[in-house]
$ cat model-v4.txt   # compact mmCIF, N, CA and C atoms
# COMPACT_ATOMS: atom_id res chain seq x y z
N MET A 1 -30.76 -16.56 -33.19
CA MET A 1 -30.49 -15.97 -31.90
C MET A 1 -29.03 -15.57 -31.79
N ILE A 2 -28.10 -16.41 -32.26
CA ILE A 2 -26.67 -16.10 -32.19
C ILE A 2 -26.34 -14.91 -33.09
N ALA A 3 -26.93 -14.85 -34.28
CA ALA A 3 -26.68 -13.74 -35.20
C ALA A 3 -27.19 -12.43 -34.59
N ASN A 4 -28.31 -12.48 -33.91
CA ASN A 4 -28.86 -11.29 -33.28
C ASN A 4 -27.93 -10.80 -32.16
N TYR A 5 -27.38 -11.73 -31.37
CA TYR A 5 -26.45 -11.38 -30.30
C TYR A 5 -25.18 -10.76 -30.88
N ASN A 6 -24.64 -11.30 -31.98
CA ASN A 6 -23.45 -10.75 -32.62
C ASN A 6 -23.72 -9.36 -33.17
N CYS A 7 -24.90 -9.14 -33.70
CA CYS A 7 -25.27 -7.82 -34.23
C CYS A 7 -25.28 -6.78 -33.11
N ILE A 8 -25.82 -7.16 -31.94
CA ILE A 8 -25.86 -6.24 -30.80
C ILE A 8 -24.44 -5.96 -30.30
N SER A 9 -23.59 -6.99 -30.26
CA SER A 9 -22.20 -6.80 -29.82
C SER A 9 -21.45 -5.87 -30.75
N VAL A 10 -21.62 -6.03 -32.04
CA VAL A 10 -20.96 -5.18 -33.02
C VAL A 10 -21.48 -3.74 -32.90
N LEU A 11 -22.78 -3.59 -32.70
CA LEU A 11 -23.37 -2.27 -32.54
C LEU A 11 -22.83 -1.58 -31.28
N ARG A 12 -22.72 -2.32 -30.18
CA ARG A 12 -22.16 -1.76 -28.95
C ARG A 12 -20.71 -1.33 -29.17
N PHE A 13 -19.96 -2.15 -29.86
CA PHE A 13 -18.55 -1.83 -30.13
C PHE A 13 -18.45 -0.53 -30.93
N PHE A 14 -19.22 -0.41 -31.99
CA PHE A 14 -19.13 0.77 -32.85
C PHE A 14 -19.73 2.03 -32.20
N LEU A 15 -20.51 1.87 -31.17
CA LEU A 15 -20.99 3.03 -30.42
C LEU A 15 -20.03 3.40 -29.28
N THR A 16 -19.42 2.40 -28.66
CA THR A 16 -18.55 2.62 -27.51
C THR A 16 -17.20 3.20 -27.91
N VAL A 17 -16.58 2.67 -28.94
CA VAL A 17 -15.24 3.12 -29.34
C VAL A 17 -15.23 4.60 -29.73
N PRO A 18 -16.13 5.09 -30.58
CA PRO A 18 -16.10 6.52 -30.89
C PRO A 18 -16.38 7.40 -29.67
N LEU A 19 -17.26 6.94 -28.79
CA LEU A 19 -17.55 7.71 -27.58
C LEU A 19 -16.31 7.80 -26.69
N CYS A 20 -15.60 6.69 -26.52
CA CYS A 20 -14.35 6.71 -25.73
C CYS A 20 -13.30 7.59 -26.37
N LEU A 21 -13.13 7.51 -27.67
CA LEU A 21 -12.15 8.34 -28.36
C LEU A 21 -12.51 9.82 -28.23
N TYR A 22 -13.79 10.15 -28.33
CA TYR A 22 -14.22 11.53 -28.17
C TYR A 22 -13.90 12.04 -26.77
N CYS A 23 -14.19 11.24 -25.76
CA CYS A 23 -13.92 11.65 -24.37
C CYS A 23 -12.43 11.83 -24.13
N ILE A 24 -11.62 10.92 -24.64
CA ILE A 24 -10.17 11.02 -24.44
C ILE A 24 -9.61 12.25 -25.13
N THR A 25 -10.02 12.51 -26.36
CA THR A 25 -9.49 13.68 -27.07
C THR A 25 -9.97 14.98 -26.44
N SER A 26 -11.20 15.00 -25.93
CA SER A 26 -11.66 16.23 -25.29
C SER A 26 -10.92 16.48 -23.98
N ILE A 27 -10.54 15.44 -23.27
CA ILE A 27 -9.76 15.61 -22.04
C ILE A 27 -8.36 16.09 -22.37
N VAL A 28 -7.75 15.50 -23.38
CA VAL A 28 -6.38 15.87 -23.77
C VAL A 28 -6.35 17.30 -24.29
N ASN A 29 -7.34 17.71 -25.06
CA ASN A 29 -7.36 19.04 -25.66
C ASN A 29 -7.96 20.11 -24.75
N SER A 30 -8.34 19.74 -23.55
CA SER A 30 -8.96 20.69 -22.63
C SER A 30 -7.98 21.78 -22.23
N LYS A 31 -8.44 23.00 -22.23
CA LYS A 31 -7.59 24.14 -21.86
C LYS A 31 -7.72 24.46 -20.36
N GLU A 32 -8.55 23.70 -19.65
CA GLU A 32 -8.74 23.95 -18.23
C GLU A 32 -7.47 23.64 -17.46
N ARG A 33 -7.28 24.39 -16.40
CA ARG A 33 -6.13 24.19 -15.53
C ARG A 33 -6.33 22.90 -14.73
N ARG A 34 -5.32 22.06 -14.70
CA ARG A 34 -5.40 20.81 -13.96
C ARG A 34 -4.66 20.95 -12.64
N VAL A 35 -5.24 20.39 -11.60
CA VAL A 35 -4.66 20.47 -10.27
C VAL A 35 -4.51 19.06 -9.72
N ASN A 36 -3.31 18.72 -9.25
CA ASN A 36 -3.11 17.45 -8.57
C ASN A 36 -3.59 17.60 -7.13
N VAL A 37 -4.35 16.63 -6.66
CA VAL A 37 -4.84 16.65 -5.29
C VAL A 37 -4.07 15.60 -4.49
N SER A 38 -3.55 16.01 -3.33
CA SER A 38 -2.77 15.10 -2.49
C SER A 38 -3.69 14.14 -1.75
N ASN A 39 -3.09 13.23 -1.00
CA ASN A 39 -3.86 12.29 -0.19
C ASN A 39 -4.67 12.99 0.90
N PHE A 40 -4.33 14.22 1.21
CA PHE A 40 -5.04 14.98 2.22
C PHE A 40 -6.17 15.81 1.64
N GLY A 41 -6.38 15.76 0.33
CA GLY A 41 -7.51 16.43 -0.29
C GLY A 41 -7.26 17.84 -0.76
N LEU A 42 -6.07 18.36 -0.56
CA LEU A 42 -5.74 19.71 -1.01
C LEU A 42 -4.71 19.64 -2.13
N PRO A 43 -4.52 20.72 -2.88
CA PRO A 43 -3.53 20.68 -3.96
C PRO A 43 -2.16 20.28 -3.45
N GLY A 44 -1.53 19.35 -4.14
CA GLY A 44 -0.21 18.88 -3.75
C GLY A 44 0.15 17.61 -4.47
N ILE A 45 1.27 17.05 -4.08
CA ILE A 45 1.77 15.81 -4.67
C ILE A 45 1.89 14.79 -3.55
N ILE A 46 1.20 13.69 -3.65
CA ILE A 46 1.12 12.62 -2.67
C ILE A 46 0.76 13.20 -1.31
N ASP A 47 1.72 13.40 -0.41
CA ASP A 47 1.43 13.98 0.91
C ASP A 47 2.07 15.34 1.10
N LEU A 48 2.60 15.93 0.04
CA LEU A 48 3.28 17.22 0.13
C LEU A 48 2.37 18.32 -0.41
N PRO A 49 1.89 19.22 0.46
CA PRO A 49 1.01 20.29 -0.03
C PRO A 49 1.78 21.32 -0.85
N THR A 50 1.08 21.96 -1.76
CA THR A 50 1.66 23.04 -2.56
C THR A 50 0.85 24.31 -2.33
N SER A 51 1.32 25.42 -2.88
CA SER A 51 0.62 26.69 -2.69
C SER A 51 -0.50 26.90 -3.69
N GLY A 52 -0.70 25.98 -4.59
CA GLY A 52 -1.76 26.12 -5.59
C GLY A 52 -3.14 25.97 -4.98
N ASN A 53 -4.15 26.25 -5.78
CA ASN A 53 -5.52 26.05 -5.33
C ASN A 53 -6.32 25.39 -6.44
N MET A 54 -7.45 24.82 -6.06
CA MET A 54 -8.33 24.17 -7.01
C MET A 54 -9.21 25.23 -7.69
N PRO A 55 -9.86 24.88 -8.78
CA PRO A 55 -10.81 25.83 -9.39
C PRO A 55 -11.94 26.16 -8.41
N ASP A 56 -12.47 27.35 -8.51
CA ASP A 56 -13.52 27.82 -7.61
C ASP A 56 -14.73 26.90 -7.67
N GLY A 57 -15.22 26.49 -6.50
CA GLY A 57 -16.39 25.64 -6.42
C GLY A 57 -16.10 24.15 -6.56
N GLU A 58 -14.84 23.76 -6.70
CA GLU A 58 -14.48 22.35 -6.87
C GLU A 58 -14.74 21.58 -5.58
N LEU A 59 -15.34 20.40 -5.70
CA LEU A 59 -15.61 19.51 -4.58
C LEU A 59 -14.85 18.22 -4.82
N VAL A 60 -14.05 17.79 -3.84
CA VAL A 60 -13.26 16.57 -3.97
C VAL A 60 -13.64 15.63 -2.84
N ILE A 61 -13.97 14.38 -3.18
CA ILE A 61 -14.28 13.36 -2.20
C ILE A 61 -13.31 12.21 -2.43
N ILE A 62 -12.59 11.81 -1.37
CA ILE A 62 -11.60 10.74 -1.48
C ILE A 62 -11.89 9.70 -0.42
N GLN A 63 -11.82 8.42 -0.79
CA GLN A 63 -11.93 7.31 0.16
C GLN A 63 -10.76 6.39 -0.09
N GLN A 64 -9.90 6.22 0.90
CA GLN A 64 -8.73 5.35 0.77
C GLN A 64 -8.81 4.28 1.86
N VAL A 65 -8.61 3.03 1.48
CA VAL A 65 -8.56 1.94 2.44
C VAL A 65 -7.29 1.15 2.15
N HIS A 66 -6.37 1.15 3.12
CA HIS A 66 -5.12 0.41 3.02
C HIS A 66 -5.08 -0.62 4.14
N LYS A 67 -4.01 -1.37 4.22
CA LYS A 67 -3.89 -2.42 5.23
C LYS A 67 -4.03 -1.86 6.64
N SER A 68 -3.36 -0.76 6.95
CA SER A 68 -3.39 -0.22 8.31
C SER A 68 -3.95 1.21 8.37
N LEU A 69 -4.62 1.65 7.31
CA LEU A 69 -5.11 3.02 7.27
C LEU A 69 -6.40 3.09 6.45
N ALA A 70 -7.38 3.79 6.97
CA ALA A 70 -8.61 4.08 6.22
C ALA A 70 -8.84 5.57 6.35
N ARG A 71 -8.95 6.27 5.21
CA ARG A 71 -9.08 7.73 5.23
C ARG A 71 -10.23 8.15 4.33
N SER A 72 -11.09 9.03 4.85
CA SER A 72 -12.15 9.65 4.08
C SER A 72 -11.90 11.15 4.09
N VAL A 73 -11.98 11.78 2.91
CA VAL A 73 -11.65 13.20 2.78
C VAL A 73 -12.77 13.90 2.02
N LEU A 74 -13.13 15.08 2.49
CA LEU A 74 -14.06 15.95 1.80
C LEU A 74 -13.40 17.32 1.72
N SER A 75 -13.11 17.78 0.50
CA SER A 75 -12.46 19.08 0.29
C SER A 75 -13.34 19.94 -0.60
N PHE A 76 -13.25 21.26 -0.36
CA PHE A 76 -14.08 22.18 -1.12
C PHE A 76 -13.34 23.50 -1.29
N GLN A 77 -13.29 23.99 -2.53
CA GLN A 77 -12.71 25.29 -2.81
C GLN A 77 -13.85 26.29 -2.70
N ALA A 78 -13.96 26.94 -1.53
CA ALA A 78 -15.09 27.80 -1.22
C ALA A 78 -15.07 29.11 -2.00
N LEU A 79 -13.91 29.71 -2.10
CA LEU A 79 -13.71 30.97 -2.82
C LEU A 79 -12.50 30.78 -3.73
N PRO A 80 -12.26 31.69 -4.67
CA PRO A 80 -11.12 31.50 -5.57
C PRO A 80 -9.77 31.30 -4.86
N ARG A 81 -9.61 31.84 -3.67
CA ARG A 81 -8.33 31.72 -2.95
C ARG A 81 -8.44 31.00 -1.62
N LEU A 82 -9.61 30.48 -1.27
CA LEU A 82 -9.82 29.85 0.03
C LEU A 82 -10.41 28.46 -0.13
N GLY A 83 -9.70 27.46 0.40
CA GLY A 83 -10.15 26.08 0.33
C GLY A 83 -10.17 25.44 1.70
N PHE A 84 -11.06 24.45 1.87
CA PHE A 84 -11.20 23.74 3.13
C PHE A 84 -11.14 22.24 2.88
N SER A 85 -10.70 21.50 3.89
CA SER A 85 -10.65 20.05 3.80
C SER A 85 -10.96 19.45 5.16
N PHE A 86 -11.77 18.40 5.18
CA PHE A 86 -12.07 17.67 6.40
C PHE A 86 -11.71 16.21 6.18
N ARG A 87 -10.97 15.62 7.13
CA ARG A 87 -10.54 14.22 7.01
C ARG A 87 -10.95 13.44 8.25
N TYR A 88 -11.33 12.19 8.02
CA TYR A 88 -11.60 11.25 9.10
C TYR A 88 -10.76 10.02 8.79
N THR A 89 -9.83 9.69 9.69
CA THR A 89 -8.85 8.65 9.42
C THR A 89 -8.88 7.61 10.53
N GLY A 90 -8.79 6.34 10.15
CA GLY A 90 -8.66 5.25 11.11
C GLY A 90 -7.29 4.62 10.95
N HIS A 91 -6.62 4.32 12.10
CA HIS A 91 -5.27 3.77 12.09
C HIS A 91 -5.26 2.42 12.80
N GLY A 92 -4.29 1.59 12.45
CA GLY A 92 -4.05 0.35 13.18
C GLY A 92 -4.69 -0.85 12.54
N ILE A 93 -4.33 -2.01 13.08
CA ILE A 93 -4.83 -3.30 12.58
C ILE A 93 -5.32 -4.11 13.78
N GLY A 94 -6.41 -4.81 13.61
CA GLY A 94 -6.89 -5.73 14.64
C GLY A 94 -7.82 -5.11 15.67
N GLY A 95 -8.30 -3.92 15.43
CA GLY A 95 -9.23 -3.28 16.37
C GLY A 95 -10.65 -3.74 16.13
N TYR A 96 -11.57 -3.23 16.94
CA TYR A 96 -12.97 -3.63 16.83
C TYR A 96 -13.83 -2.54 16.21
N GLU A 97 -13.22 -1.48 15.71
CA GLU A 97 -13.97 -0.40 15.09
C GLU A 97 -14.03 -0.60 13.58
N ALA A 98 -14.49 0.40 12.86
CA ALA A 98 -14.67 0.30 11.41
C ALA A 98 -13.38 -0.11 10.71
N TYR A 99 -13.47 -1.02 9.77
CA TYR A 99 -12.33 -1.55 9.01
C TYR A 99 -11.29 -2.18 9.92
N GLY A 100 -11.62 -2.54 11.14
CA GLY A 100 -10.67 -3.17 12.05
C GLY A 100 -9.62 -2.22 12.59
N ARG A 101 -9.94 -0.95 12.67
CA ARG A 101 -8.97 0.05 13.13
C ARG A 101 -8.98 0.15 14.65
N ILE A 102 -7.86 0.60 15.20
CA ILE A 102 -7.72 0.73 16.65
C ILE A 102 -8.15 2.12 17.11
N ASN A 103 -7.72 3.15 16.41
CA ASN A 103 -8.11 4.51 16.79
C ASN A 103 -8.46 5.33 15.56
N HIS A 104 -9.15 6.42 15.79
CA HIS A 104 -9.60 7.29 14.70
C HIS A 104 -9.19 8.72 14.97
N ASP A 105 -9.06 9.49 13.90
CA ASP A 105 -8.60 10.87 14.01
C ASP A 105 -9.41 11.73 13.05
N ARG A 106 -9.80 12.90 13.49
CA ARG A 106 -10.47 13.88 12.64
C ARG A 106 -9.52 15.06 12.47
N SER A 107 -9.47 15.61 11.28
CA SER A 107 -8.62 16.78 11.07
C SER A 107 -9.28 17.72 10.07
N PHE A 108 -8.89 18.97 10.15
CA PHE A 108 -9.49 20.03 9.36
C PHE A 108 -8.36 20.91 8.82
N ASP A 109 -8.46 21.31 7.57
CA ASP A 109 -7.47 22.20 6.95
C ASP A 109 -8.19 23.40 6.35
N ALA A 110 -7.53 24.54 6.43
CA ALA A 110 -7.95 25.75 5.71
C ALA A 110 -6.73 26.23 4.95
N HIS A 111 -6.91 26.59 3.70
CA HIS A 111 -5.81 26.92 2.80
C HIS A 111 -6.13 28.25 2.12
N LEU A 112 -5.33 29.27 2.37
CA LEU A 112 -5.55 30.60 1.79
C LEU A 112 -4.37 30.95 0.89
N SER A 113 -4.63 31.13 -0.40
CA SER A 113 -3.58 31.51 -1.36
C SER A 113 -3.39 33.02 -1.33
N ILE A 114 -2.16 33.45 -1.09
CA ILE A 114 -1.84 34.87 -1.02
C ILE A 114 -1.39 35.38 -2.39
N ILE A 115 -0.39 34.70 -2.96
CA ILE A 115 0.17 35.09 -4.26
C ILE A 115 0.24 33.85 -5.15
N ASP A 116 -0.24 33.97 -6.38
CA ASP A 116 -0.13 32.86 -7.33
C ASP A 116 1.29 32.77 -7.87
N GLU A 117 1.66 31.58 -8.31
CA GLU A 117 2.99 31.37 -8.86
C GLU A 117 3.14 32.13 -10.16
N GLY A 118 4.25 32.84 -10.28
CA GLY A 118 4.55 33.58 -11.50
C GLY A 118 5.81 33.05 -12.15
N LYS A 119 6.30 33.78 -13.13
CA LYS A 119 7.49 33.34 -13.84
C LYS A 119 8.72 33.36 -12.92
N TYR A 120 8.85 34.37 -12.08
CA TYR A 120 10.01 34.50 -11.20
C TYR A 120 9.66 34.45 -9.71
N LEU A 121 8.39 34.50 -9.39
CA LEU A 121 7.95 34.55 -7.99
C LEU A 121 7.21 33.26 -7.62
N PRO A 122 7.59 32.63 -6.53
CA PRO A 122 6.86 31.40 -6.14
C PRO A 122 5.48 31.73 -5.59
N GLY A 123 4.61 30.75 -5.63
CA GLY A 123 3.30 30.92 -5.04
C GLY A 123 3.42 30.92 -3.52
N ILE A 124 2.63 31.74 -2.86
CA ILE A 124 2.68 31.83 -1.40
C ILE A 124 1.27 31.61 -0.85
N SER A 125 1.16 30.70 0.11
CA SER A 125 -0.10 30.40 0.75
C SER A 125 0.12 30.24 2.25
N ILE A 126 -0.93 30.47 3.00
CA ILE A 126 -0.89 30.17 4.43
C ILE A 126 -2.02 29.19 4.70
N GLY A 127 -1.84 28.39 5.73
CA GLY A 127 -2.85 27.40 6.02
C GLY A 127 -2.90 27.05 7.48
N LEU A 128 -4.01 26.46 7.85
CA LEU A 128 -4.23 25.97 9.19
C LEU A 128 -4.46 24.48 9.08
N ARG A 129 -3.63 23.71 9.71
CA ARG A 129 -3.75 22.25 9.65
C ARG A 129 -3.97 21.71 11.05

$ encode --input "model-v4.txt" --output "structure tokens"
Amino acid sequence: MIANYNCISVLRFFLTVPLCLYCITSIVNSKERRVNVSNFGLPGIIDLPTSGNMPDGELVIIQQVHKSLARSVLSFQALPRLGFSFRYTGHGIGGYEAYGRINHDRSFDAHLSIIDEGKYLPGISIGLR
């Protein structure tokens, strides 16, 4: 029984390691454009939005739960230059609502890319927050 268990463990190891290495190398060698998504669900860094956009048809779902903040985000790149984001956020500590929050907030974003970033020209976008 012990030898059979060790055989299965060794087999799992030799199947899992090559699969993980294959996935890592395919991600590293991918030529696809990578986009950082901010905490608000749109392209950006942390909480700072940028003029970039996600690939067409990209769907992003984010759930964040912190000590005094709970945020759910649903973002969608509807067209190559038009993206939308919907957020539902709970604030505060010690309330009687979901996650112990005191109040909740809903927000909506629309992001329209006008000009993509070039070698000498910055990217330009307009948005509704």

$ residues_around --input "model-v4.txt" --residues "segment 54-59 of chain A" --least-positions-apart "6" --cutoff "6.5 Å" --atoms "only N, CA and C atoms" --output "list in words"
Val35, Pro43, Ser75, Phe76, Gln77, Ala78, Leu79 and Pro80 of chain A

$ atom_distance --input "model-v4.txt" --atom1 "atom CA of Gln64 of chain A" --atom2 "atom CA of Asp116 of chain A"
29.9 Å

$ residues_around --input "model-v4.txt" --residues "His111 of chain A" --least-positions-apart "2" --cutoff "8 Å" --atoms "only N, CA and C atoms" --output "mmCIF file with N, CA and C atoms, in the coordinates of the input"
data_model
loop_
_atom_site.group_PDB
_atom_site.id
_atom_site.type_symbol
_atom_site.label_atom_id
_atom_site.label_comp_id
_atom_site.auth_asym_id
_atom_site.auth_seq_id
_atom_site.Cartn_x
_atom_site.Cartn_y
_atom_site.Cartn_z
ATOM 1 N N ASN A 53 -4.150 26.250 -5.780
ATOM 2 C CA ASN A 53 -5.520 26.050 -5.330
ATOM 3 C C ASN A 53 -6.320 25.390 -6.440
ATOM 4 N N ARG A 81 -9.610 31.840 -3.670
ATOM 5 C CA ARG A 81 -8.330 31.720 -2.950
ATOM 6 C C ARG A 81 -8.440 31.000 -1.620
ATOM 7 N N LEU A 82 -9.610 30.480 -1.270
ATOM 8 C CA LEU A 82 -9.820 29.850 0.030
ATOM 9 C C LEU A 82 -10.410 28.460 -0.130
ATOM 10 N N GLY A 83 -9.700 27.460 0.400
ATOM 11 C CA GLY A 83 -10.150 26.080 0.330
ATOM 12 C C GLY A 83 -10.170 25.440 1.700
ATOM 13 N N PHE A 84 -11.060 24.450 1.870
ATOM 14 C CA PHE A 84 -11.200 23.740 3.130
ATOM 15 C C PHE A 84 -11.140 22.240 2.880
ATOM 16 N N SER A 85 -10.700 21.500 3.890
ATOM 17 C CA SER A 85 -10.650 20.050 3.800
ATOM 18 C C SER A 85 -10.960 19.450 5.160
ATOM 19 N N PHE A 108 -8.890 18.970 10.150
ATOM 20 C CA PHE A 108 -9.490 20.030 9.360
ATOM 21 C C PHE A 108 -8.360 20.910 8.820
ATOM 22 N N ASP A 109 -8.460 21.310 7.570
ATOM 23 C CA ASP A 109 -7.470 22.200 6.950
ATOM 24 C C ASP A 109 -8.190 23.400 6.350
ATOM 25 N N SER A 113 -4.630 31.130 -0.400
ATOM 26 C CA SER A 113 -3.580 31.510 -1.360
ATOM 27 C C SER A 113 -3.390 33.020 -1.330
ATOM 28 N N ILE A 114 -2.160 33.450 -1.090
ATOM 29 C CA ILE A 114 -1.840 34.870 -1.020
ATOM 30 C C ILE A 114 -1.390 35.380 -2.390
ATOM 31 N N SER A 125 1.160 30.700 0.110
ATOM 32 C CA SER A 125 -0.100 30.400 0.750
ATOM 33 C C SER A 125 0.120 30.240 2.250
ATOM 34 N N ILE A 126 -0.930 30.470 3.000
ATOM 35 C CA ILE A 126 -0.890 30.170 4.430
ATOM 36 C C ILE A 126 -2.020 29.190 4.700
ATOM 37 N N GLY A 127 -1.840 28.390 5.730
ATOM 38 C CA GLY A 127 -2.850 27.400 6.020
ATOM 39 C C GLY A 127 -2.900 27.050 7.480
ATOM 40 N N LEU A 128 -4.010 26.460 7.850
ATOM 41 C CA LEU A 128 -4.230 25.970 9.190
ATOM 42 C C LEU A 128 -4.460 24.480 9.080
ATOM 43 N N ARG A 129 -3.630 23.710 9.710
ATOM 44 C CA ARG A 129 -3.750 22.250 9.650
ATOM 45 C C ARG A 129 -3.970 21.710 11.050
#

$ closest_residue --input "model-v4.txt" --among "A:Asp47, A:Ser72, A:Thr89, A:Leu112" --to "Ile124 of chain A" --atoms "only C-alpha atoms"
A:Leu112

$ residues_near_point --input "model-v4.txt" --point "(-9.4, 0.6, 14.0)" --cutoff "8 Å" --atoms "all atoms listed in the file" --output "list in words"
Ser68, Ala70, Thr89, Gly90, His91, Gly92, Ile93, Gly94, Gly95, Tyr96, Glu97, Ala98, Tyr99, Gly100, Arg101, Ile102, Asn103 and His104 of chain A

$ select_by_dssp --input "model-v4.txt" --residues "segment 14-117 of chain A" --states "helix (DSSP H, G or I)" --output "number ranges by chain"
A: 14-28, 98-100

$ select_by_dssp --input "model-v4.txt" --residues "segment 40-116 of chain A" --states "strand (DSSP E or B)" --output "number ranges by chain"
A: 43-45, 48-49, 59-65, 69-79, 82-91, 103-115

$ decode --input "model-v4.txt" --residues "segment 49-114 of chain A" --atoms "C-alpha atoms" --output "mmCIF file, in the first residue's frame"
data_model
loop_
_atom_site.group_PDB
_atom_site.id
_atom_site.type_symbol
_atom_site.label_atom_id
_atom_site.label_comp_id
_atom_site.auth_asym_id
_atom_site.auth_seq_id
_atom_site.Cartn_x
_atom_site.Cartn_y
_atom_site.Cartn_z
ATOM 1 C CA PRO A 49 -5.937 55.539 -14.245
ATOM 2 C CA THR A 50 -3.998 55.627 -17.501
ATOM 3 C CA SER A 51 -5.053 56.317 -21.084
ATOM 4 C CA GLY A 52 -4.515 52.715 -22.155
ATOM 5 C CA ASN A 53 -7.246 50.216 -22.839
ATOM 6 C CA MET A 54 -7.721 46.497 -22.371
ATOM 7 C CA PRO A 55 -7.892 44.043 -25.286
ATOM 8 C CA ASP A 56 -11.269 44.020 -27.054
ATOM 9 C CA GLY A 57 -13.815 41.824 -25.287
ATOM 10 C CA GLU A 58 -11.793 41.553 -22.046
ATOM 11 C CA LEU A 59 -13.875 40.959 -18.902
ATOM 12 C CA VAL A 60 -12.361 41.756 -15.491
ATOM 13 C CA ILE A 61 -13.947 40.771 -12.174
ATOM 14 C CA ILE A 62 -12.328 42.005 -8.948
ATOM 15 C CA GLN A 63 -13.324 41.337 -5.324
ATOM 16 C CA GLN A 64 -11.350 43.129 -2.607
ATOM 17 C CA VAL A 65 -12.025 42.844 1.121
ATOM 18 C CA HIS A 66 -9.919 44.956 3.474
ATOM 19 C CA LYS A 67 -10.335 45.963 7.115
ATOM 20 C CA SER A 68 -12.486 49.019 6.349
ATOM 21 C CA LEU A 69 -13.300 48.531 2.656
ATOM 22 C CA ALA A 70 -15.046 45.908 0.540
ATOM 23 C CA ARG A 71 -15.096 46.482 -3.229
ATOM 24 C CA SER A 72 -16.590 44.450 -6.075
ATOM 25 C CA VAL A 73 -15.733 45.475 -9.642
ATOM 26 C CA LEU A 74 -17.003 44.344 -13.028
ATOM 27 C CA SER A 75 -15.192 45.842 -16.045
ATOM 28 C CA PHE A 76 -15.657 45.152 -19.727
ATOM 29 C CA GLN A 77 -13.877 46.373 -22.847
ATOM 30 C CA ALA A 78 -16.947 46.674 -25.075
ATOM 31 C CA LEU A 79 -15.232 47.993 -28.210
ATOM 32 C CA PRO A 80 -11.543 48.388 -29.104
ATOM 33 C CA ARG A 81 -11.566 51.968 -27.736
ATOM 34 C CA LEU A 82 -14.512 51.928 -25.300
ATOM 35 C CA GLY A 83 -14.493 50.337 -21.850
ATOM 36 C CA PHE A 84 -16.951 50.302 -18.948
ATOM 37 C CA SER A 85 -16.616 49.568 -15.252
ATOM 38 C CA PHE A 86 -19.174 49.151 -12.471
ATOM 39 C CA ARG A 87 -18.157 49.166 -8.787
ATOM 40 C CA TYR A 88 -20.029 48.445 -5.575
ATOM 41 C CA THR A 89 -18.073 49.490 -2.492
ATOM 42 C CA GLY A 90 -18.754 49.226 1.238
ATOM 43 C CA HIS A 91 -16.971 51.569 3.692
ATOM 44 C CA GLY A 92 -16.524 51.666 7.444
ATOM 45 C CA ILE A 93 -16.175 49.282 10.365
ATOM 46 C CA GLY A 94 -18.777 48.063 12.841
ATOM 47 C CA GLY A 95 -21.918 48.454 10.732
ATOM 48 C CA TYR A 96 -24.749 45.977 10.380
ATOM 49 C CA GLU A 97 -24.565 45.576 6.600
ATOM 50 C CA ALA A 98 -22.469 43.199 4.479
ATOM 51 C CA TYR A 99 -18.925 42.661 5.809
ATOM 52 C CA GLY A 100 -19.790 44.950 8.749
ATOM 53 C CA ARG A 101 -19.798 48.087 6.599
ATOM 54 C CA ILE A 102 -21.568 51.308 7.536
ATOM 55 C CA ASN A 103 -22.396 52.662 4.086
ATOM 56 C CA HIS A 104 -22.236 51.520 0.481
ATOM 57 C CA ASP A 105 -21.483 53.274 -2.788
ATOM 58 C CA ARG A 106 -22.133 52.393 -6.427
ATOM 59 C CA SER A 107 -20.093 53.939 -9.209
ATOM 60 C CA PHE A 108 -19.834 53.651 -12.962
ATOM 61 C CA ASP A 109 -16.987 54.521 -15.350
ATOM 62 C CA ALA A 110 -16.845 54.909 -19.109
ATOM 63 C CA HIS A 111 -13.422 55.160 -20.745
ATOM 64 C CA LEU A 112 -12.957 56.245 -24.381
ATOM 65 C CA SER A 113 -9.454 56.131 -25.905
ATOM 66 C CA ILE A 114 -8.923 58.923 -28.436
#
